[in-house]
Amino acid sequence: MNRHELELISALAEGTLEDETEARLLIASSPELRAEYEAQKTAIEAFRQVPMASLTEHERSGLRRDVWTQLRAQPGEGRVSTPWYYRWSTAAAGLVLVVGLVAVLNQTDSPVAESLAAEEVSAEAQPLATDQTSRLASDAAGADDSALAKSPTEVSELAAIAAAAREGSLATFSQAAPEAVSGEQDDALSCSEQAGLEDHEVIGQVEVSTLTYIVVAPRDDDIGVDTPISFVDAETCELIYTDG
Amino acid sequence: MTKPAEDAQLLARVVDGDHEAFSQIMQTHEDRVFSVCLRILHDRDNALDATQETFLTVFRKARQFKAKAQVGTWIYRIAVNTCYDQLRKAKRRRADALPEHYDPVDPGAEDAMTSAALRPEIHAALAELPPEFRSAIVLADIEGMSLPDVGQVLGIPVGTVKSRLFRGRRVLARHLGNQSGYESIQGNV
């Protein structure tokens, strides 16, 4: 069978020929070509009945979350801020927390109740934050409204980024072009040293809830599941959180 | 589903740093990218990984998009190449393809698997095809893409697309019981 015959038989089977005369004559001329046409037609019909696969809602939300986590975690040009629906969901969670707190305070209206409410907020942040979550934890205990709204979410986002760094899926300075990051890396290293992490190396820079964090890990350690990953505020050079 | 011109505008906004535009591109194409990857890779988890990697690449390379092709075609080209990469990596790890499976913690996965399930003979035929033939069949016969679009996605001439489709359909026909005497995919047309 030559290419012209192949194309005629395929097109006839696909139903895309405007004039089928030549193709019909061709398949009538030989049982072998007729059988080829029948095979093509049967296969096309079978393939066309294959249902389109779609994502489950669980897979869809996981996919979107993972894509944004990865994009937020990459340093330099490709770095992105959190999309609006994530920011709104964080704000909504914070609002619920604040409304709940106000309701409790209104109900009891006593200094003891006030202290209990602050402890409750602190306790909510605790499972996510370690003892090294200096600023986030103290913000929560201090019952600052904006800190209450973002701390648990922020800590869990940092924990997710730390996990990505351990898995090697965080785009690191060492993977980026040296000329693009050398100055930025020097600044980040100096900042992390100011935060008291002198024996650490900078592995990346991430943006979470509009704040930029320098991601650091102990120097000379191969990054693995047990490696502590620390986050330093790039603006204030304060140690914010250590995961692991 | 957005129109090609809207896709191009969205991608231009992504280049300008508009992340909502990127979300819209994802929403438009994520199911079809996943579907193509699932049919090429035969594994739901791997298809999810490939879909994720596809959109990360789309974001990172948005600036490199040339308006010669449609955005959708460009995205599916990235998806198919990502699937080829996965197949190459999987080949290094093990010889045989994994069966399609589902995540037991996802309550919707079993239904999704059932509704997307392939007839065994189609599954067998697709599994037998080399990846470059399988992707042609998936894009043209299963996803209903035009032959020129398939050619653009796969980076091959339309004549080669036709030839791959012809041979791929032969393999399925053999699995369906027709044409049992026909030569294998490696044979001459």
# chains A, B, ... in the order shown; residues from 1 in each chain; ligands from 1
$ residues_around --residues "range 135-150 of chain B" --least-positions-apart "4" --cutoff "8 Å" --atoms "only C-alpha atoms" --output "PyMOL selection string"
(chain A and resi 44+47-50+52) or (chain B and resi 36+39-40+73+80+131+154+157-158+161-162+164-165+168-169)
$ write_last_selection --atoms "N, CA, C and O atoms" --output "CSV table (one decimal), in the first residue's frame"
chain,number,residue,atom,x,y,z
A,44,ILE,N,-11.1,3.6,15.1
A,44,ILE,CA,-11.4,5.0,15.3
A,44,ILE,C,-12.7,5.1,16.2
A,44,ILE,O,-12.7,5.8,17.1
A,47,PHE,N,-11.8,4.2,19.8
A,47,PHE,CA,-11.0,5.3,20.5
A,47,PHE,C,-11.9,6.5,20.8
A,47,PHE,O,-11.8,7.1,21.8
A,48,ARG,N,-12.9,6.7,19.9
A,48,ARG,CA,-13.7,7.9,20.1
A,48,ARG,C,-14.7,7.7,21.2
A,48,ARG,O,-15.3,8.6,21.8
A,49,GLN,N,-14.9,6.4,21.6
A,49,GLN,CA,-15.8,6.1,22.7
A,49,GLN,C,-15.1,6.2,24.1
A,49,GLN,O,-15.7,6.1,25.1
A,50,VAL,N,-13.8,6.4,24.0
A,50,VAL,CA,-13.0,6.5,25.3
A,50,VAL,C,-13.4,7.8,26.0
A,50,VAL,O,-13.4,8.9,25.4
A,52,MET,N,-13.4,11.1,28.4
A,52,MET,CA,-12.4,12.0,28.8
A,52,MET,C,-12.1,11.8,30.3
A,52,MET,O,-13.1,11.7,31.1
B,36,VAL,N,-4.9,13.8,28.8
B,36,VAL,CA,-3.8,13.4,27.8
B,36,VAL,C,-2.7,12.6,28.6
B,36,VAL,O,-2.3,11.6,28.2
B,39,ARG,N,-3.8,9.1,29.7
B,39,ARG,CA,-3.9,8.1,28.5
B,39,ARG,C,-2.5,7.8,28.1
B,39,ARG,O,-2.2,6.7,27.6
B,40,ILE,N,-1.5,8.7,28.2
B,40,ILE,CA,-0.1,8.4,27.8
B,40,ILE,C,0.6,7.6,28.8
B,40,ILE,O,1.3,6.6,28.5
B,73,THR,N,-2.2,24.6,22.1
B,73,THR,CA,-1.3,23.7,21.4
B,73,THR,C,0.1,23.6,22.1
B,73,THR,O,0.7,22.6,22.3
B,80,VAL,N,2.9,16.7,26.6
B,80,VAL,CA,3.4,15.5,26.0
B,80,VAL,C,4.9,15.3,26.2
B,80,VAL,O,5.3,14.2,26.6
B,131,PRO,N,5.5,5.2,22.8
B,131,PRO,CA,4.9,6.5,23.2
B,131,PRO,C,4.6,7.5,22.1
B,131,PRO,O,3.6,8.2,22.2
B,154,LEU,N,3.2,17.6,18.5
B,154,LEU,CA,4.3,16.5,18.5
B,154,LEU,C,5.5,17.0,17.8
B,154,LEU,O,6.5,16.3,17.8
B,157,PRO,N,5.6,16.4,10.9
B,157,PRO,CA,4.7,16.8,9.8
B,157,PRO,C,3.4,16.0,9.9
B,157,PRO,O,3.3,14.9,10.5
B,158,VAL,N,2.4,16.6,9.2
B,158,VAL,CA,1.0,16.0,9.2
B,158,VAL,C,1.1,14.5,8.6
B,158,VAL,O,0.4,13.6,9.1
B,161,VAL,N,2.0,12.2,11.2
B,161,VAL,CA,0.9,12.0,12.1
B,161,VAL,C,0.0,10.9,11.5
B,161,VAL,O,-0.4,10.0,12.2
B,162,LYS,N,-0.3,11.1,10.2
B,162,LYS,CA,-1.3,10.1,9.6
B,162,LYS,C,-0.7,8.7,9.6
B,162,LYS,O,-1.4,7.8,9.9
B,164,ARG,N,1.4,7.5,11.8
B,164,ARG,CA,1.4,6.9,13.2
B,164,ARG,C,0.0,6.5,13.6
B,164,ARG,O,-0.2,5.5,14.2
B,165,LEU,N,-1.0,7.3,13.1
B,165,LEU,CA,-2.4,7.0,13.5
B,165,LEU,C,-2.8,5.7,12.8
B,165,LEU,O,-3.4,4.8,13.4
B,168,GLY,N,-1.1,2.8,14.6
B,168,GLY,CA,-1.7,2.7,16.0
B,168,GLY,C,-3.1,2.1,15.9
B,168,GLY,O,-3.4,1.2,16.7
B,169,ARG,N,-3.9,2.5,14.9
B,169,ARG,CA,-5.2,1.9,14.8
B,169,ARG,C,-5.2,0.4,14.4
B,169,ARG,O,-6.0,-0.4,14.8
$ residues_around --residues "Ala69 in chain B" --least-positions-apart "6" --cutoff "10 Å" --atoms "only C-alpha atoms" --output "list in words"
Pro4, Ala8, Asp149, Gln152 and Val153 of chain B
$ write_last_selection --atoms "N, CA, C and O atoms" --output "mmCIF file, in the first residue's frame"
data_model
loop_
_atom_site.group_PDB
_atom_site.id
_atom_site.type_symbol
_atom_site.label_atom_id
_atom_site.label_comp_id
_atom_site.auth_asym_id
_atom_site.auth_seq_id
_atom_site.Cartn_x
_atom_site.Cartn_y
_atom_site.Cartn_z
ATOM 1 N N PRO B 4 -8.864 30.748 21.721
ATOM 2 C CA PRO B 4 -7.411 30.912 21.583
ATOM 3 C C PRO B 4 -6.946 32.347 21.834
ATOM 4 O O PRO B 4 -5.920 32.562 22.476
ATOM 5 N N ALA B 8 -4.282 33.677 24.643
ATOM 6 C CA ALA B 8 -3.074 34.463 24.354
ATOM 7 C C ALA B 8 -3.027 35.719 25.221
ATOM 8 O O ALA B 8 -1.971 36.091 25.733
ATOM 9 N N ASP B 149 -2.996 20.269 14.251
ATOM 10 C CA ASP B 149 -2.703 20.581 15.653
ATOM 11 C C ASP B 149 -1.864 19.477 16.299
ATOM 12 O O ASP B 149 -0.933 19.754 17.063
ATOM 13 N N GLN B 152 1.591 19.915 15.271
ATOM 14 C CA GLN B 152 2.261 21.001 16.010
ATOM 15 C C GLN B 152 2.641 20.559 17.418
ATOM 16 O O GLN B 152 3.729 20.861 17.902
ATOM 17 N N VAL B 153 1.705 19.876 18.080
ATOM 18 C CA VAL B 153 1.978 19.427 19.456
ATOM 19 C C VAL B 153 3.176 18.478 19.477
ATOM 20 O O VAL B 153 4.056 18.588 20.331
#
$ interface_residues --of "chain A" --to "chain B" --cutoff "8 Å" --atoms "only C-alpha atoms" --output "ChimeraX atom specification"
/A:1-2,6-7,10,35-36,39-40,42-44,46-59,63,66-67,70-71,78,80-81,83-84
$ write_last_selection --atoms "N, CA and C atoms" --output "mmCIF file, in the first residue's frame"
data_model
loop_
_atom_site.group_PDB
_atom_site.id
_atom_site.type_symbol
_atom_site.label_atom_id
_atom_site.label_comp_id
_atom_site.auth_asym_id
_atom_site.auth_seq_id
_atom_site.Cartn_x
_atom_site.Cartn_y
_atom_site.Cartn_z
ATOM 1 N N MET A 1 0.847 -1.195 0.000
ATOM 2 C CA MET A 1 0.000 0.000 0.000
ATOM 3 C C MET A 1 0.891 1.258 0.000
ATOM 4 N N ASN A 2 0.614 2.167 -0.902
ATOM 5 C CA ASN A 2 1.423 3.387 -0.923
ATOM 6 C C ASN A 2 0.794 4.475 -0.031
ATOM 7 N N LEU A 6 -2.955 4.831 1.673
ATOM 8 C CA LEU A 6 -3.069 4.893 3.141
ATOM 9 C C LEU A 6 -3.888 6.120 3.567
ATOM 10 N N GLU A 7 -3.577 7.255 2.975
ATOM 11 C CA GLU A 7 -4.281 8.494 3.357
ATOM 12 C C GLU A 7 -5.738 8.443 2.945
ATOM 13 N N SER A 10 -7.518 6.058 5.391
ATOM 14 C CA SER A 10 -7.646 6.709 6.708
ATOM 15 C C SER A 10 -8.740 7.773 6.683
ATOM 16 N N ALA A 35 -10.382 -4.816 4.104
ATOM 17 C CA ALA A 35 -10.157 -5.230 5.495
ATOM 18 C C ALA A 35 -9.392 -4.143 6.263
ATOM 19 N N GLU A 36 -8.463 -3.501 5.577
ATOM 20 C CA GLU A 36 -7.704 -2.413 6.215
ATOM 21 C C GLU A 36 -8.642 -1.264 6.587
ATOM 22 N N ALA A 39 -10.707 -2.224 9.589
ATOM 23 C CA ALA A 39 -9.896 -2.192 10.819
ATOM 24 C C ALA A 39 -9.725 -0.755 11.315
ATOM 25 N N GLN A 40 -9.424 0.127 10.371
ATOM 26 C CA GLN A 40 -9.238 1.537 10.741
ATOM 27 C C GLN A 40 -10.532 2.117 11.319
ATOM 28 N N THR A 42 -13.088 0.538 12.701
ATOM 29 C CA THR A 42 -13.393 -0.055 14.013
ATOM 30 C C THR A 42 -12.547 0.598 15.104
ATOM 31 N N ALA A 43 -11.261 0.784 14.809
ATOM 32 C CA ALA A 43 -10.356 1.371 15.816
ATOM 33 C C ALA A 43 -10.750 2.811 16.129
ATOM 34 N N ILE A 44 -11.058 3.572 15.081
ATOM 35 C CA ILE A 44 -11.430 4.982 15.298
ATOM 36 C C ILE A 44 -12.677 5.063 16.173
ATOM 37 N N ALA A 46 -13.770 2.875 18.297
ATOM 38 C CA ALA A 46 -13.452 2.442 19.670
ATOM 39 C C ALA A 46 -12.730 3.550 20.435
ATOM 40 N N PHE A 47 -11.765 4.187 19.778
ATOM 41 C CA PHE A 47 -11.019 5.265 20.452
ATOM 42 C C PHE A 47 -11.937 6.451 20.758
ATOM 43 N N ARG A 48 -12.852 6.731 19.856
ATOM 44 C CA ARG A 48 -13.724 7.897 20.074
ATOM 45 C C ARG A 48 -14.698 7.678 21.233
ATOM 46 N N GLN A 49 -14.892 6.426 21.606
ATOM 47 C CA GLN A 49 -15.785 6.149 22.744
ATOM 48 C C GLN A 49 -15.060 6.241 24.084
ATOM 49 N N VAL A 50 -13.751 6.426 24.025
ATOM 50 C CA VAL A 50 -12.996 6.525 25.287
ATOM 51 C C VAL A 50 -13.423 7.808 26.007
ATOM 52 N N PRO A 51 -13.866 7.687 27.266
ATOM 53 C CA PRO A 51 -14.302 8.892 27.974
ATOM 54 C C PRO A 51 -13.125 9.790 28.333
ATOM 55 N N MET A 52 -13.397 11.091 28.384
ATOM 56 C CA MET A 52 -12.351 12.009 28.814
ATOM 57 C C MET A 52 -12.132 11.807 30.315
ATOM 58 N N ALA A 53 -10.893 11.701 30.702
ATOM 59 C CA ALA A 53 -10.595 11.565 32.133
ATOM 60 C C ALA A 53 -10.572 12.957 32.743
ATOM 61 N N SER A 54 -11.119 13.094 33.939
ATOM 62 C CA SER A 54 -11.030 14.411 34.584
ATOM 63 C C SER A 54 -10.539 14.247 36.017
ATOM 64 N N LEU A 55 -10.067 15.352 36.556
ATOM 65 C CA LEU A 55 -9.546 15.363 37.923
ATOM 66 C C LEU A 55 -10.698 15.272 38.914
ATOM 67 N N THR A 56 -10.481 14.585 40.022
ATOM 68 C CA THR A 56 -11.453 14.667 41.113
ATOM 69 C C THR A 56 -11.238 16.013 41.817
ATOM 70 N N GLU A 57 -12.200 16.428 42.618
ATOM 71 C CA GLU A 57 -12.046 17.708 43.319
ATOM 72 C C GLU A 57 -10.825 17.682 44.244
ATOM 73 N N HIS A 58 -10.603 16.523 44.858
ATOM 74 C CA HIS A 58 -9.449 16.337 45.747
ATOM 75 C C HIS A 58 -8.146 16.538 44.953
ATOM 76 N N GLU A 59 -8.095 15.911 43.766
ATOM 77 C CA GLU A 59 -6.893 16.023 42.940
ATOM 78 C C GLU A 59 -6.717 17.455 42.428
ATOM 79 N N LEU A 63 -3.617 19.726 43.175
ATOM 80 C CA LEU A 63 -2.791 20.181 42.048
ATOM 81 C C LEU A 63 -2.552 21.687 42.134
ATOM 82 N N ASP A 66 -0.302 22.556 45.083
ATOM 83 C CA ASP A 66 1.100 22.178 44.867
ATOM 84 C C ASP A 66 1.776 23.094 43.854
ATOM 85 N N VAL A 67 1.032 23.455 42.803
ATOM 86 C CA VAL A 67 1.626 24.342 41.797
ATOM 87 C C VAL A 67 1.974 25.691 42.427
ATOM 88 N N GLN A 70 4.954 25.455 44.817
ATOM 89 C CA GLN A 70 6.226 25.379 44.082
ATOM 90 C C GLN A 70 6.607 26.730 43.504
ATOM 91 N N LEU A 71 5.620 27.429 42.948
ATOM 92 C CA LEU A 71 5.934 28.718 42.325
ATOM 93 C C LEU A 71 6.343 29.750 43.372
ATOM 94 N N GLY A 78 10.986 34.065 38.797
ATOM 95 C CA GLY A 78 9.744 33.307 38.735
ATOM 96 C C GLY A 78 8.936 33.347 40.010
ATOM 97 N N VAL A 80 6.423 34.104 42.896
ATOM 98 C CA VAL A 80 5.081 34.683 42.800
ATOM 99 C C VAL A 80 4.530 34.948 44.185
ATOM 100 N N SER A 81 3.573 35.836 44.252
ATOM 101 C CA SER A 81 2.877 36.029 45.520
ATOM 102 C C SER A 81 1.649 35.133 45.532
ATOM 103 N N PRO A 83 -2.016 33.798 45.275
ATOM 104 C CA PRO A 83 -3.152 34.293 44.509
ATOM 105 C C PRO A 83 -4.273 34.779 45.424
ATOM 106 N N TRP A 84 -5.173 35.558 44.830
ATOM 107 C CA TRP A 84 -6.168 36.250 45.646
ATOM 108 C C TRP A 84 -7.024 35.312 46.475
#
$ residues_around --residues "Ser190 in chain A" --least-positions-apart "3" --cutoff "12 Å" --atoms "only C-alpha atoms" --output "ChimeraX atom specification"
/A:183-187,193-202,214,216,232,234-238
$ write_last_selection --atoms "C-alpha atoms" --output "PDB file, in the first residue's frame"
ATOM      1  CA  GLY A 183      24.653  39.340  45.065  1.00  0.00           C
ATOM      2  CA  GLU A 184      21.300  38.299  46.419  1.00  0.00           C
ATOM      3  CA  GLN A 185      22.843  35.228  48.012  1.00  0.00           C
ATOM      4  CA  ASP A 186      25.575  37.268  49.722  1.00  0.00           C
ATOM      5  CA  ASP A 187      22.972  39.617  51.199  1.00  0.00           C
ATOM      6  CA  GLU A 193      24.242  35.468  60.127  1.00  0.00           C
ATOM      7  CA  GLN A 194      22.666  38.516  61.765  1.00  0.00           C
ATOM      8  CA  ALA A 195      19.873  36.188  62.844  1.00  0.00           C
ATOM      9  CA  GLY A 196      22.453  34.067  64.678  1.00  0.00           C
ATOM     10  CA  LEU A 197      22.646  31.325  62.047  1.00  0.00           C
ATOM     11  CA  GLU A 198      26.365  31.608  61.409  1.00  0.00           C
ATOM     12  CA  ASP A 199      26.990  27.941  60.673  1.00  0.00           C
ATOM     13  CA  HIS A 200      24.202  27.824  58.092  1.00  0.00           C
ATOM     14  CA  GLU A 201      23.996  28.098  54.331  1.00  0.00           C
ATOM     15  CA  VAL A 202      21.302  29.875  52.366  1.00  0.00           C
ATOM     16  CA  ILE A 214      15.516  33.504  53.513  1.00  0.00           C
ATOM     17  CA  VAL A 216      18.625  28.308  55.478  1.00  0.00           C
ATOM     18  CA  VAL A 232      14.739  34.401  58.378  1.00  0.00           C
ATOM     19  CA  ALA A 234      14.685  39.096  54.708  1.00  0.00           C
ATOM     20  CA  GLU A 235      13.740  42.604  55.782  1.00  0.00           C
ATOM     21  CA  THR A 236      14.488  42.504  59.519  1.00  0.00           C
ATOM     22  CA  CYS A 237      16.994  39.591  59.495  1.00  0.00           C
ATOM     23  CA  GLU A 238      15.104  38.022  62.421  1.00  0.00           C
TER      24      GLU A 238
END
$ atom_distance --atom1 "CA of Gly224 in chain A" --atom2 "CA of Glu167 in chain A"
7.4 Å
$ residues_around --residues "Gln205 in chain A" --least-positions-apart "2" --cutoff "7 Å" --atoms "only C-alpha atoms" --output "NGL selection string"
:A and (75 or 212-215)
$ atom_distance --atom1 "CA of Leu158 in chain A" --atom2 "CA of Arg65 in chain A"
13.7 Å
